[in-house]
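Below is one structure; the comments refer to it alone.
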Amino acid sequence: MESEAKVAIVTGAASGIGRALAAHYARHRVRTVIGTFPGDPHDPEETLRRVREAGGEGVVQEVDVRSTASVDAFAQRALEAYGRLDYAVANAGVLRNSPLAEMSDERWDDMLNVDLTGVLRTLRAAAGRMEGPGALVAVSSIAGGVYGWDEHAHYAAAKAGVLGLVRSVAVELGPRHIRANAVIPGLIETPQSLDPVNSLGPEGLARAGRDIPWGRVGTPEEVADVIGFLTSDGSSYITGQSLIVDGGLTVKMRA
């Protein structure tokens, strides 16, 4: 692959949206540093296999977004492996169920440390290593980004905070021609949403999908395609925005 091919870092790329995005990038000649959390049960080598099957190039790098040093090393891996960094996608996140009465300070802090401060660490590390025009994308959620969600106040607060973070980063980095946007996925079939304890689970997801105008829940690939657009030259004048990917869920009038 020629040296001018773009380079991306993607956190949470061992499964779900991150895995689909790495494959998307491979098809569009973007090399990817595949970020994986050491405790993730999903195999990042499967992501790398899909990248190579698509004719792309990538490397796997462990990253814990709770650690500034780990995130800095992750972003630096792009320069070490490919000599440049063009795109960064803050996709890593956790989802935990917690009623308000049981919401300890520790639970709150742990959630925000990953789902909000982890995004900050990723965007900050990437922007500091971008020499030319670049693009940053953070993954929010309709929970917090649009709706409230009972027993998930800490998650919703973090995902809402991502939107404010992206807007401010877009303003600050605009003069450097580094764009920052967010995607707000709706109900997407990922390992996280299929968790019956902390999320909807397979049956709940299927039921919810029937209430979506599109008639089903979304796929990781459908979100990945939108992220790919937001980091491509096709969105060169879009920054500070939040794009909802939900099959029409949030615009449907309730009966």
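Note on naming: chains are A, B, ... as they come in the structure tokens, residues start from 1 per chain, ligands start from 1 in the order shown.
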
Exercise. In segment 132-251 of chain A, what's alpha helix (DSSP H) per DSSP? Answer as a PyMOL selection string?
Worked result: chain A and resi 142-145+153-173+201-209+220-230

So that each row is one residue of segment 151-220 of chain A with an atom at most 9 Å from segment 12-21 of chain A, can you give its shortest atom pair and the distance in Å to one decimal, using only C-alpha atoms, rows by chain and rising number, as JSON lines?
```
{"residue": "A:Ile188", "atom": "CA", "partner": "A:Ile17", "partner_atom": "CA", "distance": 8.9}
{"residue": "A:Glu189", "atom": "CA", "partner": "A:Gly16", "partner_atom": "CA", "distance": 7.9}
{"residue": "A:Thr190", "atom": "CA", "partner": "A:Gly16", "partner_atom": "CA", "distance": 5.0}
{"residue": "A:Pro191", "atom": "CA", "partner": "A:Gly16", "partner_atom": "CA", "distance": 6.5}
{"residue": "A:Gln192", "atom": "CA", "partner": "A:Gly16", "partner_atom": "CA", "distance": 8.1}
{"residue": "A:Thr219", "atom": "CA", "partner": "A:Ile17", "partner_atom": "CA", "distance": 8.2}
{"residue": "A:Pro220", "atom": "CA", "partner": "A:Ile17", "partner_atom": "CA", "distance": 4.5}
```

Problem set entry | Shell of 7 Å around segment 87-98 of chain A, only C-alpha atoms, local chain residues under 2 positions omitted, as a PyMOL selection string | chain A and resi 7-12+18+85+100+102-103+114-115+119+122-123+126+134-139+151-152+155+198+231

Write out, as a short mmCIF file (atom, residue, chain, number, x, y, z; two decimals), in the first residue's frame, the residues just selected, with N, CA, C and O atoms.
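The resulting out-v3.cif:
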```cif
data_model
loop_
_atom_site.label_atom_id
_atom_site.label_comp_id
_atom_site.auth_asym_id
_atom_site.auth_seq_id
_atom_site.Cartn_x
_atom_site.Cartn_y
_atom_site.Cartn_z
N VAL A 7 -4.07 7.09 7.57
CA VAL A 7 -3.91 6.22 8.75
C VAL A 7 -4.91 6.64 9.81
O VAL A 7 -5.07 7.83 10.11
N ALA A 8 -5.57 5.64 10.42
CA ALA A 8 -6.56 5.88 11.46
C ALA A 8 -6.23 5.08 12.71
O ALA A 8 -5.66 3.99 12.63
N ILE A 9 -6.62 5.61 13.85
CA ILE A 9 -6.62 4.84 15.09
C ILE A 9 -8.07 4.70 15.52
O ILE A 9 -8.85 5.63 15.42
N VAL A 10 -8.43 3.50 15.98
CA VAL A 10 -9.81 3.23 16.39
C VAL A 10 -9.79 2.48 17.71
O VAL A 10 -9.25 1.37 17.79
N THR A 11 -10.33 3.07 18.75
CA THR A 11 -10.44 2.36 20.03
C THR A 11 -11.67 1.45 19.99
O THR A 11 -12.61 1.67 19.23
N GLY A 12 -11.65 0.42 20.81
CA GLY A 12 -12.77 -0.51 20.86
C GLY A 12 -13.00 -1.23 19.55
O GLY A 12 -14.14 -1.44 19.13
N GLY A 18 -16.41 -0.85 16.03
CA GLY A 18 -14.99 -0.68 15.77
C GLY A 18 -14.44 -1.69 14.78
O GLY A 18 -13.64 -1.35 13.90
N LEU A 85 -0.64 10.19 11.10
CA LEU A 85 -1.94 9.95 11.71
C LEU A 85 -2.92 10.96 11.13
O LEU A 85 -2.69 12.17 11.22
N LEU A 100 -30.50 4.67 40.31
CA LEU A 100 -29.99 5.87 40.96
C LEU A 100 -29.69 5.63 42.44
O LEU A 100 -28.67 6.10 42.95
N GLU A 102 -28.59 3.12 43.80
CA GLU A 102 -27.37 2.32 43.95
C GLU A 102 -26.18 2.94 43.25
O GLU A 102 -25.11 2.33 43.16
N MET A 103 -26.35 4.18 42.78
CA MET A 103 -25.31 4.85 42.02
C MET A 103 -24.26 5.43 42.96
O MET A 103 -24.33 6.58 43.40
N VAL A 114 -14.24 6.09 31.47
CA VAL A 114 -14.12 5.40 30.19
C VAL A 114 -14.89 6.13 29.09
O VAL A 114 -14.34 6.47 28.04
N ASP A 115 -16.18 6.38 29.33
CA ASP A 115 -17.07 6.82 28.26
C ASP A 115 -17.00 8.31 27.95
O ASP A 115 -17.52 8.73 26.92
N VAL A 119 -12.75 9.39 25.94
CA VAL A 119 -12.89 10.06 24.65
C VAL A 119 -11.96 11.27 24.58
O VAL A 119 -11.27 11.50 23.59
N THR A 122 -8.43 10.20 23.98
CA THR A 122 -8.19 9.74 22.61
C THR A 122 -8.09 10.91 21.64
O THR A 122 -7.17 10.97 20.82
N LEU A 123 -9.03 11.85 21.73
CA LEU A 123 -8.99 13.00 20.83
C LEU A 123 -7.75 13.86 21.08
O LEU A 123 -7.12 14.35 20.13
N ALA A 126 -4.58 12.09 19.72
CA ALA A 126 -4.54 12.08 18.26
C ALA A 126 -4.25 13.46 17.70
O ALA A 126 -3.40 13.62 16.82
N GLY A 134 -6.91 16.79 9.54
CA GLY A 134 -7.28 15.51 10.14
C GLY A 134 -8.73 15.51 10.53
O GLY A 134 -9.44 16.51 10.39
N ALA A 135 -9.19 14.36 11.02
CA ALA A 135 -10.59 14.23 11.41
C ALA A 135 -10.70 13.36 12.65
O ALA A 135 -10.06 12.30 12.75
N LEU A 136 -11.53 13.81 13.59
CA LEU A 136 -11.80 13.09 14.82
C LEU A 136 -13.29 12.77 14.87
O LEU A 136 -14.12 13.61 14.52
N VAL A 137 -13.62 11.58 15.33
CA VAL A 137 -15.02 11.20 15.52
C VAL A 137 -15.16 10.52 16.87
O VAL A 137 -14.35 9.66 17.22
N ALA A 138 -16.18 10.90 17.61
CA ALA A 138 -16.49 10.26 18.89
C ALA A 138 -17.85 9.60 18.79
O ALA A 138 -18.77 10.14 18.18
N VAL A 139 -17.97 8.42 19.40
CA VAL A 139 -19.22 7.68 19.35
C VAL A 139 -20.02 7.97 20.62
O VAL A 139 -19.60 7.66 21.73
N GLU A 151 -32.09 3.81 34.97
CA GLU A 151 -31.05 2.94 35.53
C GLU A 151 -29.72 3.02 34.76
O GLU A 151 -28.87 2.15 34.90
N HIS A 152 -29.57 4.08 33.96
CA HIS A 152 -28.32 4.28 33.22
C HIS A 152 -27.92 5.76 33.23
O HIS A 152 -27.41 6.27 32.23
N TYR A 155 -24.23 6.45 32.34
CA TYR A 155 -23.95 6.21 30.92
C TYR A 155 -24.49 7.35 30.07
O TYR A 155 -23.79 7.90 29.21
N ASN A 198 -27.00 -5.64 31.24
CA ASN A 198 -26.75 -4.20 31.25
C ASN A 198 -27.43 -3.45 30.11
O ASN A 198 -27.44 -2.22 30.10
N THR A 231 -14.97 11.01 8.38
CA THR A 231 -13.51 11.18 8.36
C THR A 231 -12.97 11.31 6.94
O THR A 231 -11.77 11.49 6.77
#
```

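If you measure from each of A:Arg129, A:Ser199, A:Gly228, A:Gly145 to Ala160 of chain A using only C-alpha atoms, the closest one turns out to be A:Gly145.
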
Counting only C-alpha atoms, what is within 9 Å of Pro44 of chain A, bar same-chain residues fewer than 2 positions away, as a PDB file with all heavy atoms, in the first residue's frame?
```pdb
ATOM      1  N   ALA A  13     -11.901  -1.641  18.901  1.00  0.00           N
ATOM      2  CA  ALA A  13     -12.002  -2.201  17.549  1.00  0.00           C
ATOM      3  C   ALA A  13     -11.973  -3.724  17.515  1.00  0.00           C
ATOM      4  O   ALA A  13     -11.867  -4.305  16.439  1.00  0.00           O
ATOM      5  CB  ALA A  13     -10.874  -1.644  16.674  1.00  0.00           C
ATOM      6  N   ALA A  14     -12.085  -4.372  18.667  1.00  0.00           N
ATOM      7  CA  ALA A  14     -12.073  -5.834  18.682  1.00  0.00           C
ATOM      8  C   ALA A  14     -13.415  -6.431  18.299  1.00  0.00           C
ATOM      9  O   ALA A  14     -13.510  -7.636  18.025  1.00  0.00           O
ATOM     10  CB  ALA A  14     -11.648  -6.354  20.055  1.00  0.00           C
ATOM     11  N   SER A  15     -14.466  -5.612  18.281  1.00  0.00           N
ATOM     12  CA  SER A  15     -15.800  -6.131  17.961  1.00  0.00           C
ATOM     13  C   SER A  15     -16.704  -4.975  17.569  1.00  0.00           C
ATOM     14  O   SER A  15     -16.311  -3.806  17.617  1.00  0.00           O
ATOM     15  CB  SER A  15     -16.404  -6.883  19.161  1.00  0.00           C
ATOM     16  OG  SER A  15     -16.636  -5.987  20.243  1.00  0.00           O
ATOM     17  N   ARG A  19     -14.873  -2.946  14.912  1.00  0.00           N
ATOM     18  CA  ARG A  19     -14.434  -3.981  13.969  1.00  0.00           C
ATOM     19  C   ARG A  19     -14.951  -3.676  12.564  1.00  0.00           C
ATOM     20  O   ARG A  19     -14.213  -3.792  11.578  1.00  0.00           O
ATOM     21  CB  ARG A  19     -14.921  -5.355  14.422  1.00  0.00           C
ATOM     22  CG  ARG A  19     -14.632  -6.468  13.433  1.00  0.00           C
ATOM     23  CD  ARG A  19     -15.060  -7.819  13.978  1.00  0.00           C
ATOM     24  NE  ARG A  19     -14.120  -8.276  15.003  1.00  0.00           N
ATOM     25  CZ  ARG A  19     -14.254  -9.408  15.705  1.00  0.00           C
ATOM     26  NH1 ARG A  19     -15.327 -10.169  15.505  1.00  0.00           N
ATOM     27  NH2 ARG A  19     -13.359  -9.764  16.598  1.00  0.00           N
ATOM     28  N   ILE A  34      -5.617  -0.936  15.330  1.00  0.00           N
ATOM     29  CA  ILE A  34      -6.786  -1.579  15.916  1.00  0.00           C
ATOM     30  C   ILE A  34      -6.628  -1.601  17.431  1.00  0.00           C
ATOM     31  O   ILE A  34      -5.845  -2.368  17.980  1.00  0.00           O
ATOM     32  CB  ILE A  34      -6.932  -3.012  15.359  1.00  0.00           C
ATOM     33  CG1 ILE A  34      -7.134  -2.967  13.833  1.00  0.00           C
ATOM     34  CG2 ILE A  34      -8.069  -3.754  16.055  1.00  0.00           C
ATOM     35  CD1 ILE A  34      -6.895  -4.297  13.152  1.00  0.00           C
ATOM     36  N   GLY A  35      -7.388  -0.753  18.105  1.00  0.00           N
ATOM     37  CA  GLY A  35      -7.280  -0.657  19.549  1.00  0.00           C
ATOM     38  C   GLY A  35      -8.118  -1.723  20.240  1.00  0.00           C
ATOM     39  O   GLY A  35      -9.295  -1.913  19.921  1.00  0.00           O
ATOM     40  N   THR A  36      -7.514  -2.399  21.204  1.00  0.00           N
ATOM     41  CA  THR A  36      -8.221  -3.440  21.942  1.00  0.00           C
ATOM     42  C   THR A  36      -7.902  -3.339  23.424  1.00  0.00           C
ATOM     43  O   THR A  36      -6.744  -3.135  23.805  1.00  0.00           O
ATOM     44  CB  THR A  36      -7.853  -4.838  21.411  1.00  0.00           C
ATOM     45  OG1 THR A  36      -8.535  -5.842  22.159  1.00  0.00           O
ATOM     46  CG2 THR A  36      -6.355  -5.086  21.481  1.00  0.00           C
ATOM     47  N   ASP A  40     -10.874  -7.371  27.079  1.00  0.00           N
ATOM     48  CA  ASP A  40     -11.980  -7.613  26.148  1.00  0.00           C
ATOM     49  C   ASP A  40     -12.002  -9.084  25.740  1.00  0.00           C
ATOM     50  O   ASP A  40     -10.980  -9.620  25.298  1.00  0.00           O
ATOM     51  CB  ASP A  40     -11.793  -6.731  24.902  1.00  0.00           C
ATOM     52  CG  ASP A  40     -13.028  -6.683  24.021  1.00  0.00           C
ATOM     53  OD1 ASP A  40     -13.794  -7.666  23.992  1.00  0.00           O
ATOM     54  OD2 ASP A  40     -13.227  -5.646  23.353  1.00  0.00           O
ATOM     55  N   HIS A  42     -13.351 -10.358  23.184  1.00  0.00           N
ATOM     56  CA  HIS A  42     -13.362 -10.505  21.731  1.00  0.00           C
ATOM     57  C   HIS A  42     -11.941 -10.441  21.173  1.00  0.00           C
ATOM     58  O   HIS A  42     -11.078  -9.731  21.701  1.00  0.00           O
ATOM     59  CB  HIS A  42     -14.243  -9.428  21.108  1.00  0.00           C
ATOM     60  CG  HIS A  42     -15.647  -9.447  21.618  1.00  0.00           C
ATOM     61  ND1 HIS A  42     -16.066  -8.641  22.661  1.00  0.00           N
ATOM     62  CD2 HIS A  42     -16.715 -10.195  21.267  1.00  0.00           C
ATOM     63  CE1 HIS A  42     -17.331  -8.877  22.919  1.00  0.00           C
ATOM     64  NE2 HIS A  42     -17.759  -9.825  22.097  1.00  0.00           N
ATOM     65  N   GLU A  46      -9.281 -11.279  14.885  1.00  0.00           N
ATOM     66  CA  GLU A  46     -10.370 -11.465  13.930  1.00  0.00           C
ATOM     67  C   GLU A  46     -10.612 -10.170  13.162  1.00  0.00           C
ATOM     68  O   GLU A  46     -10.893 -10.187  11.957  1.00  0.00           O
ATOM     69  CB  GLU A  46     -11.641 -11.904  14.653  1.00  0.00           C
ATOM     70  CG  GLU A  46     -12.891 -11.973  13.782  1.00  0.00           C
ATOM     71  CD  GLU A  46     -12.781 -12.948  12.627  1.00  0.00           C
ATOM     72  OE1 GLU A  46     -11.917 -13.862  12.670  1.00  0.00           O
ATOM     73  OE2 GLU A  46     -13.558 -12.800  11.657  1.00  0.00           O
ATOM     74  N   THR A  47     -10.501  -9.037  13.857  1.00  0.00           N
ATOM     75  CA  THR A  47     -10.606  -7.752  13.160  1.00  0.00           C
ATOM     76  C   THR A  47      -9.492  -7.616  12.141  1.00  0.00           C
ATOM     77  O   THR A  47      -9.728  -7.218  10.987  1.00  0.00           O
ATOM     78  CB  THR A  47     -10.546  -6.592  14.163  1.00  0.00           C
ATOM     79  OG1 THR A  47     -11.592  -6.735  15.123  1.00  0.00           O
ATOM     80  CG2 THR A  47     -10.685  -5.250  13.458  1.00  0.00           C
ATOM     81  N   LEU A  48      -8.291  -7.945  12.545  1.00  0.00           N
ATOM     82  CA  LEU A  48      -7.146  -7.843  11.634  1.00  0.00           C
ATOM     83  C   LEU A  48      -7.322  -8.772  10.431  1.00  0.00           C
ATOM     84  O   LEU A  48      -6.978  -8.405   9.301  1.00  0.00           O
ATOM     85  CB  LEU A  48      -5.860  -8.181  12.379  1.00  0.00           C
ATOM     86  CG  LEU A  48      -4.555  -8.048  11.586  1.00  0.00           C
ATOM     87  CD1 LEU A  48      -4.388  -6.629  11.058  1.00  0.00           C
ATOM     88  CD2 LEU A  48      -3.363  -8.443  12.459  1.00  0.00           C
ATOM     89  N   ARG A  49      -7.872  -9.959  10.662  1.00  0.00           N
ATOM     90  CA  ARG A  49      -8.117 -10.887   9.559  1.00  0.00           C
ATOM     91  C   ARG A  49      -9.076 -10.277   8.550  1.00  0.00           C
ATOM     92  O   ARG A  49      -8.863 -10.368   7.335  1.00  0.00           O
ATOM     93  CB  ARG A  49      -8.679 -12.208  10.094  1.00  0.00           C
ATOM     94  CG  ARG A  49      -8.904 -13.272   9.014  1.00  0.00           C
ATOM     95  CD  ARG A  49      -9.589 -14.495   9.574  1.00  0.00           C
ATOM     96  NE  ARG A  49     -10.978 -14.216   9.952  1.00  0.00           N
ATOM     97  CZ  ARG A  49     -11.978 -14.152   9.075  1.00  0.00           C
ATOM     98  NH1 ARG A  49     -11.758 -14.327   7.783  1.00  0.00           N
ATOM     99  NH2 ARG A  49     -13.210 -13.907   9.498  1.00  0.00           N
ATOM    100  N   VAL A  60      -2.473  -4.383  15.513  1.00  0.00           N
ATOM    101  CA  VAL A  60      -3.224  -4.443  16.762  1.00  0.00           C
ATOM    102  C   VAL A  60      -2.412  -3.812  17.873  1.00  0.00           C
ATOM    103  O   VAL A  60      -1.214  -4.073  18.008  1.00  0.00           O
ATOM    104  CB  VAL A  60      -3.578  -5.900  17.117  1.00  0.00           C
ATOM    105  CG1 VAL A  60      -4.229  -5.980  18.498  1.00  0.00           C
ATOM    106  CG2 VAL A  60      -4.499  -6.501  16.061  1.00  0.00           C
ATOM    107  N   GLN A  61      -3.064  -2.974  18.673  1.00  0.00           N
ATOM    108  CA  GLN A  61      -2.392  -2.327  19.787  1.00  0.00           C
ATOM    109  C   GLN A  61      -3.319  -2.311  20.993  1.00  0.00           C
ATOM    110  O   GLN A  61      -4.453  -1.828  20.905  1.00  0.00           O
ATOM    111  CB  GLN A  61      -2.012  -0.885  19.430  1.00  0.00           C
ATOM    112  CG  GLN A  61      -1.434  -0.059  20.560  1.00  0.00           C
ATOM    113  CD  GLN A  61      -0.011  -0.440  20.926  1.00  0.00           C
ATOM    114  OE1 GLN A  61       0.696  -1.031  20.112  1.00  0.00           O
ATOM    115  NE2 GLN A  61       0.412  -0.105  22.128  1.00  0.00           N
TER     116      GLN A  61
END
```

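In this structure, atom CA of His154 of chain A sits 5.5 Å away from atom CA of Trp108 of chain A.
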
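Using only C-alpha atoms, the residues found no farther than 10 Å from Arg216 of chain A, other than those of its own chain fewer than 4 positions away, are Leu187, Ile188, Glu189, Leu205, Ala206, Arg207, Ala208, Gly209, Arg210, Asp211, Ile212, Asp246, Gly247 and Leu249 of chain A.
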